[in-house]
file model.pdb (PDB, C-alpha atoms, pLDDT in the B column)
ATOM      1  CA  MET A 195      32.169   0.486  -2.762  1.00 46.00           C
ATOM      2  CA  LYS A 196      34.191  -1.687  -0.388  1.00 47.00           C
ATOM      3  CA  ARG A 197      33.791   0.815   2.460  1.00 54.00           C
ATOM      4  CA  ARG A 198      30.050   1.006   1.932  1.00 50.00           C
ATOM      5  CA  LEU A 199      29.770  -2.761   1.979  1.00 43.00           C
ATOM      6  CA  ILE A 200      31.794  -3.019   5.182  1.00 46.00           C
ATOM      7  CA  SER A 201      29.676  -0.295   6.805  1.00 50.00           C
ATOM      8  CA  LEU A 202      26.477  -2.049   5.780  1.00 46.00           C
ATOM      9  CA  ILE A 203      27.658  -5.362   7.173  1.00 44.00           C
ATOM     10  CA  PHE A 204      28.703  -3.686  10.445  1.00 46.00           C
ATOM     11  CA  ILE A 205      25.391  -1.903  10.905  1.00 46.00           C
ATOM     12  CA  SER A 206      23.510  -5.047   9.933  1.00 46.00           C
ATOM     13  CA  LEU A 207      25.338  -6.925  12.676  1.00 43.00           C
ATOM     14  CA  ILE A 208      24.295  -4.294  15.221  1.00 45.00           C
ATOM     15  CA  VAL A 209      20.668  -4.524  14.098  1.00 43.00           C
ATOM     16  CA  PHE A 210      20.853  -8.301  14.331  1.00 42.00           C
ATOM     17  CA  LEU A 211      22.308  -8.257  17.842  1.00 43.00           C
ATOM     18  CA  LEU A 212      19.699  -5.787  19.089  1.00 47.00           C
ATOM     19  CA  SER A 213      16.718  -7.517  17.478  1.00 45.00           C
ATOM     20  CA  PRO A 214      14.954 -10.833  18.052  1.00 51.00           C
ATOM     21  CA  PRO A 215      15.857 -13.138  15.162  1.00 46.00           C
ATOM     22  CA  ASN A 216      12.307 -13.327  13.812  1.00 45.00           C
ATOM     23  CA  ILE A 217      12.109  -9.568  13.215  1.00 50.00           C
ATOM     24  CA  PHE A 218      15.692  -9.030  12.074  1.00 49.00           C
ATOM     25  CA  ALA A 219      14.761  -9.021   8.380  1.00 51.00           C
ATOM     26  CA  ASN A 220      12.006  -6.463   8.877  1.00 54.00           C
ATOM     27  CA  ASN A 221      14.272  -4.183  10.931  1.00 55.00           C
ATOM     28  CA  LEU A 222      16.957  -4.404   8.273  1.00 54.00           C
ATOM     29  CA  ILE A 223      14.532  -3.408   5.533  1.00 53.00           C
ATOM     30  CA  ASP A 224      13.213  -0.529   7.623  1.00 57.00           C
ATOM     31  CA  ALA A 225      16.718   0.700   8.475  1.00 54.00           C
ATOM     32  CA  PHE A 226      18.327   0.677   5.045  1.00 55.00           C
ATOM     33  CA  SER A 227      15.740   0.666   2.313  1.00 73.00           C
ATOM     34  CA  LEU A 228      13.940   4.023   2.524  1.00 83.00           C
ATOM     35  CA  GLY A 229      15.833   5.376  -0.472  1.00 81.00           C
ATOM     36  CA  LEU A 230      15.243   2.144  -2.362  1.00 81.00           C
ATOM     37  CA  GLU A 231      11.558   2.171  -1.429  1.00 86.00           C
ATOM     38  CA  LYS A 232      11.240   5.683  -2.869  1.00 90.00           C
ATOM     39  CA  GLU A 233      13.032   4.631  -6.029  1.00 85.00           C
ATOM     40  CA  ILE A 234      10.875   1.533  -6.507  1.00 85.00           C
ATOM     41  CA  GLY A 235       7.729   3.515  -5.707  1.00 90.00           C
ATOM     42  CA  TYR A 236       8.501   6.273  -8.201  1.00 91.00           C
ATOM     43  CA  ASN A 237       9.508   3.801 -10.932  1.00 86.00           C
ATOM     44  CA  THR A 238       6.316   1.815 -10.371  1.00 89.00           C
ATOM     45  CA  TYR A 239       4.215   4.990 -10.307  1.00 93.00           C
ATOM     46  CA  GLN A 240       5.625   5.922 -13.713  1.00 91.00           C
ATOM     47  CA  GLN A 241       4.706   2.474 -15.051  1.00 88.00           C
ATOM     48  CA  ILE A 242       1.128   2.884 -13.838  1.00 92.00           C
ATOM     49  CA  ILE A 243       0.521   6.370 -15.262  1.00 94.00           C
ATOM     50  CA  THR A 244       2.103   5.361 -18.573  1.00 93.00           C
ATOM     51  CA  LYS A 245      -0.217   2.385 -19.038  1.00 91.00           C
ATOM     52  CA  ASN A 246      -3.406   3.818 -17.518  1.00 93.00           C
ATOM     53  CA  GLU A 247      -5.492   6.921 -18.082  1.00 96.00           C
ATOM     54  CA  VAL A 248      -5.082   9.315 -15.163  1.00 97.00           C
ATOM     55  CA  VAL A 249      -8.367  11.166 -14.651  1.00 97.00           C
ATOM     56  CA  LYS A 250      -8.493  14.876 -13.890  1.00 95.00           C
ATOM     57  CA  LEU A 251     -11.475  15.381 -11.603  1.00 96.00           C
ATOM     58  CA  PRO A 252     -13.562  18.568 -11.551  1.00 97.00           C
ATOM     59  CA  GLN A 253     -11.948  21.078  -9.191  1.00 97.00           C
ATOM     60  CA  GLU A 254     -14.552  20.739  -6.435  1.00 97.00           C
ATOM     61  CA  LYS A 255     -14.356  16.941  -6.451  1.00 97.00           C
ATOM     62  CA  GLU A 256     -10.560  16.996  -6.579  1.00 97.00           C
ATOM     63  CA  GLU A 257     -10.432  19.305  -3.564  1.00 97.00           C
ATOM     64  CA  TRP A 258     -12.856  16.998  -1.734  1.00 97.00           C
ATOM     65  CA  LEU A 259     -10.711  13.923  -2.454  1.00 98.00           C
ATOM     66  CA  ASN A 260      -7.432  15.622  -1.552  1.00 97.00           C
ATOM     67  CA  SER A 261      -8.873  17.063   1.663  1.00 97.00           C
ATOM     68  CA  MET A 262     -10.041  13.622   2.760  1.00 97.00           C
ATOM     69  CA  PHE A 263      -6.810  11.928   1.748  1.00 98.00           C
ATOM     70  CA  PHE A 264      -4.445  14.331   3.478  1.00 96.00           C
ATOM     71  CA  ASN A 265      -6.646  14.423   6.573  1.00 97.00           C
ATOM     72  CA  LEU A 266      -5.963  10.667   6.831  1.00 98.00           C
ATOM     73  CA  VAL A 267      -2.263  11.092   6.045  1.00 97.00           C
ATOM     74  CA  LYS A 268      -1.967  13.501   8.997  1.00 96.00           C
ATOM     75  CA  GLN A 269      -2.701  10.569  11.311  1.00 95.00           C
ATOM     76  CA  THR A 270       0.310   8.561  10.105  1.00 95.00           C
ATOM     77  CA  GLN A 271       3.856   8.271  11.394  1.00 93.00           C
ATOM     78  CA  ARG A 272       5.669   8.157   8.048  1.00 93.00           C
ATOM     79  CA  GLN A 273       4.386  11.441   6.660  1.00 92.00           C
ATOM     80  CA  GLY A 274       7.703  13.081   7.502  1.00 90.00           C
ATOM     81  CA  GLU A 275       9.881  10.604   5.586  1.00 92.00           C
ATOM     82  CA  ILE A 276       7.772   9.974   2.482  1.00 95.00           C
ATOM     83  CA  LYS A 277       5.527  12.161   0.348  1.00 95.00           C
ATOM     84  CA  TYR A 278       2.055  10.672   0.050  1.00 97.00           C
ATOM     85  CA  SER A 279       0.137  11.297  -3.166  1.00 97.00           C
ATOM     86  CA  ILE A 280      -3.166  10.211  -4.680  1.00 98.00           C
ATOM     87  CA  ALA A 281      -4.228   9.771  -8.304  1.00 97.00           C
ATOM     88  CA  VAL A 282      -7.418   8.571  -9.973  1.00 98.00           C
ATOM     89  CA  VAL A 283      -7.236   6.131 -12.904  1.00 97.00           C
ATOM     90  CA  ARG A 284     -10.036   5.178 -15.258  1.00 97.00           C
ATOM     91  CA  ASP A 285     -11.136   1.674 -14.366  1.00 93.00           C
ATOM     92  CA  ASP A 286     -14.686   0.465 -13.760  1.00 92.00           C
ATOM     93  CA  THR A 287     -13.651  -2.054 -11.101  1.00 89.00           C
ATOM     94  CA  VAL A 288     -14.249  -1.152  -7.464  1.00 90.00           C
ATOM     95  CA  ASN A 289     -10.737  -0.875  -6.105  1.00 90.00           C
ATOM     96  CA  ALA A 290      -7.857   1.229  -4.814  1.00 92.00           C
ATOM     97  CA  PHE A 291      -4.238   0.249  -4.319  1.00 92.00           C
ATOM     98  CA  ALA A 292      -0.989   1.516  -2.803  1.00 92.00           C
ATOM     99  CA  LEU A 293       2.578   1.432  -4.119  1.00 92.00           C
ATOM    100  CA  PRO A 294       5.777   1.690  -2.057  1.00 91.00           C
ATOM    101  CA  ALA A 295       6.618   5.175  -0.733  1.00 94.00           C
ATOM    102  CA  GLY A 296       3.025   6.402  -0.544  1.00 95.00           C
ATOM    103  CA  TYR A 297       1.673   6.447  -4.094  1.00 96.00           C
ATOM    104  CA  ILE A 298      -2.066   5.709  -3.790  1.00 96.00           C
ATOM    105  CA  PHE A 299      -4.332   5.030  -6.764  1.00 96.00           C
ATOM    106  CA  VAL A 300      -8.134   5.076  -6.819  1.00 96.00           C
ATOM    107  CA  HIS A 301     -10.275   3.582  -9.580  1.00 95.00           C
ATOM    108  CA  THR A 302     -13.141   5.608 -11.029  1.00 96.00           C
ATOM    109  CA  GLY A 303     -15.304   2.550 -10.318  1.00 94.00           C
ATOM    110  CA  LEU A 304     -14.704   2.995  -6.593  1.00 95.00           C
ATOM    111  CA  LEU A 305     -15.613   6.692  -6.693  1.00 96.00           C
ATOM    112  CA  SER A 306     -18.865   5.784  -8.444  1.00 95.00           C
ATOM    113  CA  TYR A 307     -19.636   3.010  -5.964  1.00 94.00           C
ATOM    114  CA  ILE A 308     -19.130   4.717  -2.590  1.00 95.00           C
ATOM    115  CA  LYS A 309     -22.146   6.311  -0.899  1.00 96.00           C
ATOM    116  CA  SER A 310     -20.473   8.454   1.773  1.00 96.00           C
ATOM    117  CA  ASP A 311     -17.230  10.154   2.696  1.00 97.00           C
ATOM    118  CA  SER A 312     -16.589   7.635   5.451  1.00 97.00           C
ATOM    119  CA  GLU A 313     -16.860   4.704   3.049  1.00 97.00           C
ATOM    120  CA  LEU A 314     -14.139   6.138   0.838  1.00 97.00           C
ATOM    121  CA  ALA A 315     -12.088   7.283   3.832  1.00 98.00           C
ATOM    122  CA  GLY A 316     -12.084   3.711   5.152  1.00 97.00           C
ATOM    123  CA  VAL A 317     -10.800   2.306   1.862  1.00 95.00           C
ATOM    124  CA  LEU A 318      -8.120   5.015   1.536  1.00 97.00           C
ATOM    125  CA  ALA A 319      -7.040   4.532   5.152  1.00 97.00           C
ATOM    126  CA  HIS A 320      -6.592   0.812   4.481  1.00 95.00           C
ATOM    127  CA  GLU A 321      -4.265   1.556   1.542  1.00 95.00           C
ATOM    128  CA  ILE A 322      -2.348   4.144   3.548  1.00 97.00           C
ATOM    129  CA  ALA A 323      -1.888   1.523   6.273  1.00 96.00           C
ATOM    130  CA  HIS A 324      -0.218  -0.811   3.750  1.00 94.00           C
ATOM    131  CA  VAL A 325       2.372   1.914   3.148  1.00 95.00           C
ATOM    132  CA  GLU A 326       2.759   2.712   6.838  1.00 96.00           C
ATOM    133  CA  LYS A 327       3.440  -0.945   7.688  1.00 94.00           C
ATOM    134  CA  ARG A 328       5.750  -1.357   4.648  1.00 92.00           C
ATOM    135  CA  HIS A 329       3.826  -4.414   3.478  1.00 89.00           C
ATOM    136  CA  SER A 330       5.029  -4.040  -0.100  1.00 84.00           C
ATOM    137  CA  MET A 331       8.737  -3.795   0.738  1.00 82.00           C
ATOM    138  CA  LYS A 332       8.559  -6.656   3.228  1.00 83.00           C
ATOM    139  CA  THR A 333       6.798  -8.884   0.711  1.00 79.00           C
ATOM    140  CA  ILE A 334       9.235  -7.892  -2.037  1.00 76.00           C
ATOM    141  CA  SER A 335      12.168  -8.821   0.199  1.00 73.00           C
ATOM    142  CA  ARG A 336      10.666 -12.284   0.716  1.00 74.00           C
ATOM    143  CA  THR A 337       9.818 -12.644  -2.977  1.00 67.00           C
ATOM    144  CA  ILE A 338      13.101 -11.623  -4.596  1.00 66.00           C
ATOM    145  CA  GLY A 339      15.435 -12.301  -1.674  1.00 60.00           C
ATOM    146  CA  MET A 340      17.176 -10.145   0.903  1.00 59.00           C
ATOM    147  CA  SER A 341      20.523 -10.408  -0.876  1.00 59.00           C
ATOM    148  CA  VAL A 342      19.116  -8.807  -4.044  1.00 64.00           C
ATOM    149  CA  LEU A 343      17.692  -5.881  -2.072  1.00 62.00           C
ATOM    150  CA  LEU A 344      20.925  -5.398  -0.148  1.00 62.00           C
ATOM    151  CA  GLY A 345      22.833  -5.419  -3.412  1.00 62.00           C
ATOM    152  CA  LEU A 346      20.616  -2.675  -4.803  1.00 63.00           C
ATOM    153  CA  ILE A 347      20.980  -0.647  -1.600  1.00 58.00           C
ATOM    154  CA  VAL A 348      24.791  -0.872  -1.625  1.00 56.00           C
ATOM    155  CA  ASP A 349      25.577  -0.678  -5.349  1.00 60.00           C
ATOM    156  CA  LYS A 350      23.893   2.215  -7.134  1.00 61.00           C
ATOM    157  CA  SER A 351      26.144   2.174 -10.190  1.00 63.00           C
ATOM    158  CA  SER A 352      25.375  -1.204 -11.768  1.00 63.00           C
ATOM    159  CA  GLU A 353      24.283  -1.074 -15.420  1.00 66.00           C
ATOM    160  CA  LYS A 354      21.614  -3.686 -14.705  1.00 71.00           C
ATOM    161  CA  ARG A 355      20.257  -1.809 -11.717  1.00 69.00           C
ATOM    162  CA  ARG A 356      17.545   0.063 -13.631  1.00 71.00           C
ATOM    163  CA  GLU A 357      16.361  -3.191 -15.176  1.00 69.00           C
ATOM    164  CA  GLN A 358      16.235  -4.831 -11.750  1.00 71.00           C
ATOM    165  CA  ILE A 359      14.292  -1.903 -10.281  1.00 71.00           C
ATOM    166  CA  SER A 360      11.817  -2.144 -13.156  1.00 70.00           C
ATOM    167  CA  LYS A 361      11.313  -5.875 -12.531  1.00 71.00           C
ATOM    168  CA  ILE A 362      10.779  -5.225  -8.827  1.00 74.00           C
ATOM    169  CA  GLY A 363       8.255  -2.573  -9.825  1.00 71.00           C
ATOM    170  CA  ALA A 364       6.283  -5.221 -11.696  1.00 72.00           C
ATOM    171  CA  VAL A 365       6.209  -7.285  -8.492  1.00 71.00           C
ATOM    172  CA  ALA A 366       5.043  -4.228  -6.547  1.00 74.00           C
ATOM    173  CA  ILE A 367       2.197  -3.620  -9.011  1.00 74.00           C
ATOM    174  CA  SER A 368       1.077  -7.233  -8.764  1.00 72.00           C
ATOM    175  CA  LEU A 369       1.107  -7.104  -4.974  1.00 69.00           C
ATOM    176  CA  ALA A 370      -0.754  -3.805  -4.878  1.00 70.00           C
ATOM    177  CA  GLN A 371      -3.492  -4.861  -7.268  1.00 67.00           C
ATOM    178  CA  LEU A 372      -3.947  -8.488  -6.243  1.00 69.00           C
ATOM    179  CA  GLY A 373      -3.505  -8.150  -2.496  1.00 71.00           C
ATOM    180  CA  TYR A 374      -1.092  -9.176   0.235  1.00 77.00           C
ATOM    181  CA  SER A 375      -1.231 -12.021   2.708  1.00 83.00           C
ATOM    182  CA  ARG A 376      -4.318 -12.272   4.892  1.00 86.00           C
ATOM    183  CA  GLU A 377      -2.247 -11.224   7.891  1.00 89.00           C
ATOM    184  CA  ALA A 378      -1.114  -8.065   6.096  1.00 89.00           C
ATOM    185  CA  GLU A 379      -4.647  -7.289   4.947  1.00 89.00           C
ATOM    186  CA  TYR A 380      -6.036  -7.709   8.450  1.00 91.00           C
ATOM    187  CA  GLU A 381      -3.278  -5.469   9.825  1.00 94.00           C
ATOM    188  CA  ALA A 382      -4.099  -2.826   7.208  1.00 94.00           C
ATOM    189  CA  ASP A 383      -7.774  -3.082   8.189  1.00 94.00           C
ATOM    190  CA  ALA A 384      -6.918  -2.529  11.851  1.00 96.00           C
ATOM    191  CA  TYR A 385      -4.650   0.464  11.271  1.00 97.00           C
ATOM    192  CA  GLY A 386      -6.957   1.830   8.610  1.00 96.00           C
ATOM    193  CA  VAL A 387      -9.881   1.883  11.036  1.00 97.00           C
ATOM    194  CA  LYS A 388      -7.626   3.599  13.570  1.00 97.00           C
ATOM    195  CA  TYR A 389      -6.629   6.330  11.100  1.00 97.00           C
ATOM    196  CA  MET A 390     -10.172   6.967   9.878  1.00 97.00           C
ATOM    197  CA  ARG A 391     -11.560   7.197  13.408  1.00 97.00           C
ATOM    198  CA  ILE A 392      -8.906   9.701  14.532  1.00 96.00           C
ATOM    199  CA  ALA A 393      -9.557  11.698  11.360  1.00 97.00           C
ATOM    200  CA  GLY A 394     -13.244  11.913  12.293  1.00 96.00           C
ATOM    201  CA  TYR A 395     -14.847   9.327  10.009  1.00 97.00           C
ATOM    202  CA  ASP A 396     -17.435   6.711  10.961  1.00 96.00           C
ATOM    203  CA  LYS A 397     -16.338   3.068  11.084  1.00 95.00           C
ATOM    204  CA  ASN A 398     -19.958   1.946  10.735  1.00 95.00           C
ATOM    205  CA  GLU A 399     -20.136   3.456   7.263  1.00 96.00           C
ATOM    206  CA  LEU A 400     -17.071   1.448   6.242  1.00 95.00           C
ATOM    207  CA  LEU A 401     -18.966  -1.609   7.468  1.00 95.00           C
ATOM    208  CA  ASN A 402     -21.879  -0.549   5.273  1.00 94.00           C
ATOM    209  CA  PHE A 403     -19.478  -0.506   2.316  1.00 93.00           C
ATOM    210  CA  TRP A 404     -18.246  -4.042   2.974  1.00 91.00           C
ATOM    211  CA  LYS A 405     -21.745  -5.391   3.678  1.00 91.00           C
ATOM    212  CA  ARG A 406     -22.997  -3.913   0.420  1.00 90.00           C
ATOM    213  CA  MET A 407     -20.013  -5.382  -1.408  1.00 85.00           C
ATOM    214  CA  GLU A 408     -20.757  -8.774   0.097  1.00 82.00           C
ATOM    215  CA  ALA A 409     -24.438  -8.663  -0.814  1.00 84.00           C
ATOM    216  CA  GLU A 410     -24.001  -7.330  -4.350  1.00 82.00           C
ATOM    217  CA  SER A 411     -21.120  -9.598  -5.277  1.00 73.00           C
ATOM    218  CA  GLY A 412     -22.855 -12.784  -4.170  1.00 63.00           C
ATOM    219  CA  GLY A 413     -20.951 -13.396  -0.945  1.00 50.00           C
ATOM    220  CA  ASP A 414     -17.287 -14.027  -1.664  1.00 49.00           C
ATOM    221  CA  LYS A 415     -17.784 -15.140  -5.275  1.00 51.00           C
ATOM    222  CA  ASN A 416     -17.164 -11.824  -6.992  1.00 54.00           C
ATOM    223  CA  PRO A 417     -18.232 -10.906 -10.529  1.00 56.00           C
ATOM    224  CA  ALA A 418     -15.878  -8.949 -12.796  1.00 53.00           C
ATOM    225  CA  ILE A 419     -16.517  -5.533 -11.264  1.00 59.00           C
ATOM    226  CA  PHE A 420     -15.466  -6.825  -7.845  1.00 58.00           C
ATOM    227  CA  GLN A 421     -12.789  -9.294  -8.958  1.00 50.00           C
ATOM    228  CA  LEU A 422      -9.833  -7.272  -7.673  1.00 47.00           C
ATOM    229  CA  PHE A 423     -11.161  -7.788  -4.161  1.00 54.00           C
ATOM    230  CA  SER A 424     -11.380 -11.551  -4.626  1.00 52.00           C
ATOM    231  CA  THR A 425      -7.792 -12.201  -3.503  1.00 53.00           C
ATOM    232  CA  HIS A 426      -8.298 -10.270  -0.276  1.00 64.00           C
ATOM    233  CA  PRO A 427      -9.498 -12.064   2.860  1.00 71.00           C
ATOM    234  CA  PRO A 428     -13.145 -13.241   2.790  1.00 78.00           C
ATOM    235  CA  THR A 429     -15.453 -10.239   3.053  1.00 81.00           C
ATOM    236  CA  SER A 430     -17.512 -11.875   5.807  1.00 84.00           C
ATOM    237  CA  GLU A 431     -14.407 -12.346   7.960  1.00 86.00           C
ATOM    238  CA  ARG A 432     -13.286  -8.759   7.401  1.00 85.00           C
ATOM    239  CA  ILE A 433     -16.690  -7.517   8.504  1.00 88.00           C
ATOM    240  CA  LYS A 434     -16.540  -9.549  11.708  1.00 91.00           C
ATOM    241  CA  ARG A 435     -13.070  -8.250  12.541  1.00 92.00           C
ATOM    242  CA  ILE A 436     -13.927  -4.628  11.814  1.00 92.00           C
ATOM    243  CA  GLU A 437     -17.091  -4.890  13.912  1.00 93.00           C
ATOM    244  CA  ALA A 438     -14.953  -6.099  16.833  1.00 93.00           C
ATOM    245  CA  MET A 439     -12.527  -3.156  16.615  1.00 88.00           C
TER     246      MET A 439
END
call {"tool": "encode", "arguments": {"input": "model.pdb", "output": "structure tokens"}}
result
Amino acid sequence: MKRRLISLIFISLIVFLLSPPNIFANNLIDAFSLGLEKEIGYNTYQQIITKNEVVKLPQEKEEWLNSMFFNLVKQTQRQGEIKYSIAVVRDDTVNAFALPAGYIFVHTGLLSYIKSDSELAGVLAHEIAHVEKRHSMKTISRTIGMSVLLGLIVDKSSEKRREQISKIGAVAISLAQLGYSREAEYEADAYGVKYMRIAGYDKNELLNFWKRMEAESGGDKNPAIFQLFSTHPPTSERIKRIEAM
């Protein structure tokens, strides 16, 4: 334990010396927390599938969804270090969300709402981008504190560790379902459009999705079916930014 702590401190010092101060925290999370990210992601995934009905799609539709999803995953940089997966849960709201380590969930309401492959591809690419940019882990580190994360990375034998991981999982679920900061959402939009374009999907159809959402939800005042999008950046602003990409 003591040796691990000393090693962590030493490596942390190297990262600090080689990094500008404002990105030190992000570099530290990226360097040491992959195992923790996988643990939090898996724990949170288990919480989701325990509390929600996972839907088994007809074989043809499942193959269609998986083909689209993994075509997008092929465009990412983290595909070699994490195992991306996708699951459908029964929920009438129009939404999808991502957990740490590449666990992506799609609501049945979204599958019913989309009108083209490119619309769905754009939404999935956005969620994949959250994972690629580690938005969940970075936000968790700010929410619960760097010292707590470092403690979990170093000490894997604590009796309270499982309880702490479970609590962090609850934070991850909240972030995934309610949205990140506007900056993180805009970054996910930008990278998501990049991934979908390289994968061969049409950005204009993603714009059609957002324009339809805006019109049918009454601008940015969303009724219940659209309420999970209400904490994201204003739809009108997202449209403008995507159009400019």
call {"tool": "atom_distance", "arguments": {"input": "model.pdb", "atom1": "atom CA of A:Val387", "atom2": "atom CA of A:Asp285"}}
result
25.4 Å
call {"tool": "closest_atom_pairs", "arguments": {"input": "model.pdb", "of": "stretch 232-292 of chain A", "to": "stretch 318-329 of chain A", "cutoff": "8 Å", "atoms": "all atoms listed in the file", "output": "tab-separated table"}}
result
residue	atom	partner	partner_atom	distance
A:Phe263	CA	A:Leu318	CA	7.0
A:Leu266	CA	A:Ala319	CA	6.5
A:Val267	CA	A:Ile322	CA	7.4
A:Thr270	CA	A:Glu326	CA	7.1
A:Gln271	CA	A:Glu326	CA	7.3
A:Arg272	CA	A:Glu326	CA	6.3
A:Ala290	CA	A:Glu321	CA	7.3
A:Phe291	CA	A:Glu321	CA	6.0
A:Ala292	CA	A:Glu321	CA	5.4
call {"tool": "closest_residue", "arguments": {"input": "model.pdb", "among": "A:Glu399, A:Glu275, A:Glu254, A:Glu379", "to": "A:Leu228", "atoms": "all atoms listed in the file"}}
result
A:Glu275
call {"tool": "closest_residue", "arguments": {"input": "model.pdb", "among": "A:Arg284, A:Tyr278, A:Glu233, A:Phe403", "to": "A:Asn265", "atoms": "all atoms listed in the file"}}
result
A:Tyr278
call {"tool": "residues_around", "arguments": {"input": "model.pdb", "residues": "A:Met262", "least_positions_apart": "6", "cutoff": "9 Å", "atoms": "all atoms listed in the file", "output": "VMD selection string"}}
result
chain A and resid 311 314 to 315 318 393
call {"tool": "resolve_selection", "arguments": {"input": "model.pdb", "expression": "the PyMOL selection byres ((chain A and resi 437) around 10)", "output": "VMD selection string"}}
result
chain A and resid 397 to 398 400 to 401 431 to 436 438 to 439
call {"tool": "atom_distance", "arguments": {"input": "model.pdb", "atom1": "atom CA of A:Gly373", "atom2": "atom CA of A:Ile392"}}
result
25.3 Å
call {"tool": "closest_residue", "arguments": {"input": "model.pdb", "among": "A:Thr429, A:Ser306, A:Glu377, A:Leu293", "to": "A:Ile242", "atoms": "only C-alpha atoms"}}
result
A:Leu293
call {"tool": "atom_distance", "arguments": {"input": "model.pdb", "atom1": "atom CA of A:Ile276", "atom2": "atom CA of A:Lys354"}}
result
26.0 Å
call {"tool": "decode", "arguments": {"input": "model.pdb", "residues": "stretch 371-402 of chain A", "atoms": "C-alpha atoms", "output": "PDB file, in the first residue's frame"}}
result
ATOM      1  CA  GLN A 371     -29.564  11.341 -17.830  1.00  0.00           C
ATOM      2  CA  LEU A 372     -29.721  15.033 -16.961  1.00  0.00           C
ATOM      3  CA  GLY A 373     -26.818  16.299 -19.038  1.00  0.00           C
ATOM      4  CA  TYR A 374     -23.375  17.806 -18.580  1.00  0.00           C
ATOM      5  CA  SER A 375     -22.211  21.390 -18.736  1.00  0.00           C
ATOM      6  CA  ARG A 376     -22.997  23.333 -21.893  1.00  0.00           C
ATOM      7  CA  GLU A 377     -19.322  23.257 -22.823  1.00  0.00           C
ATOM      8  CA  ALA A 378     -19.264  19.460 -22.574  1.00  0.00           C
ATOM      9  CA  GLU A 379     -22.480  19.146 -24.564  1.00  0.00           C
ATOM     10  CA  TYR A 380     -21.172  21.405 -27.314  1.00  0.00           C
ATOM     11  CA  GLU A 381     -17.928  19.410 -27.426  1.00  0.00           C
ATOM     12  CA  ALA A 382     -19.912  16.171 -27.708  1.00  0.00           C
ATOM     13  CA  ASP A 383     -21.938  17.729 -30.538  1.00  0.00           C
ATOM     14  CA  ALA A 384     -18.762  18.670 -32.401  1.00  0.00           C
ATOM     15  CA  TYR A 385     -17.087  15.277 -32.050  1.00  0.00           C
ATOM     16  CA  GLY A 386     -20.356  13.483 -32.646  1.00  0.00           C
ATOM     17  CA  VAL A 387     -20.818  15.232 -35.988  1.00  0.00           C
ATOM     18  CA  LYS A 388     -17.228  14.328 -36.850  1.00  0.00           C
ATOM     19  CA  TYR A 389     -17.787  10.632 -36.086  1.00  0.00           C
ATOM     20  CA  MET A 390     -21.081  10.408 -37.971  1.00  0.00           C
ATOM     21  CA  ARG A 391     -19.660  12.119 -41.053  1.00  0.00           C
ATOM     22  CA  ILE A 392     -16.623   9.812 -41.214  1.00  0.00           C
ATOM     23  CA  ALA A 393     -18.952   6.840 -40.745  1.00  0.00           C
ATOM     24  CA  GLY A 394     -20.951   7.973 -43.784  1.00  0.00           C
ATOM     25  CA  TYR A 395     -24.027   9.579 -42.222  1.00  0.00           C
ATOM     26  CA  ASP A 396     -25.627  12.890 -43.183  1.00  0.00           C
ATOM     27  CA  LYS A 397     -25.276  15.814 -40.771  1.00  0.00           C
ATOM     28  CA  ASN A 398     -28.287  17.513 -42.363  1.00  0.00           C
ATOM     29  CA  GLU A 399     -30.549  14.712 -41.176  1.00  0.00           C
ATOM     30  CA  LEU A 400     -29.316  15.237 -37.616  1.00  0.00           C
ATOM     31  CA  LEU A 401     -30.294  18.880 -38.073  1.00  0.00           C
ATOM     32  CA  ASN A 402     -33.730  17.705 -39.187  1.00  0.00           C
TER      33      ASN A 402
END
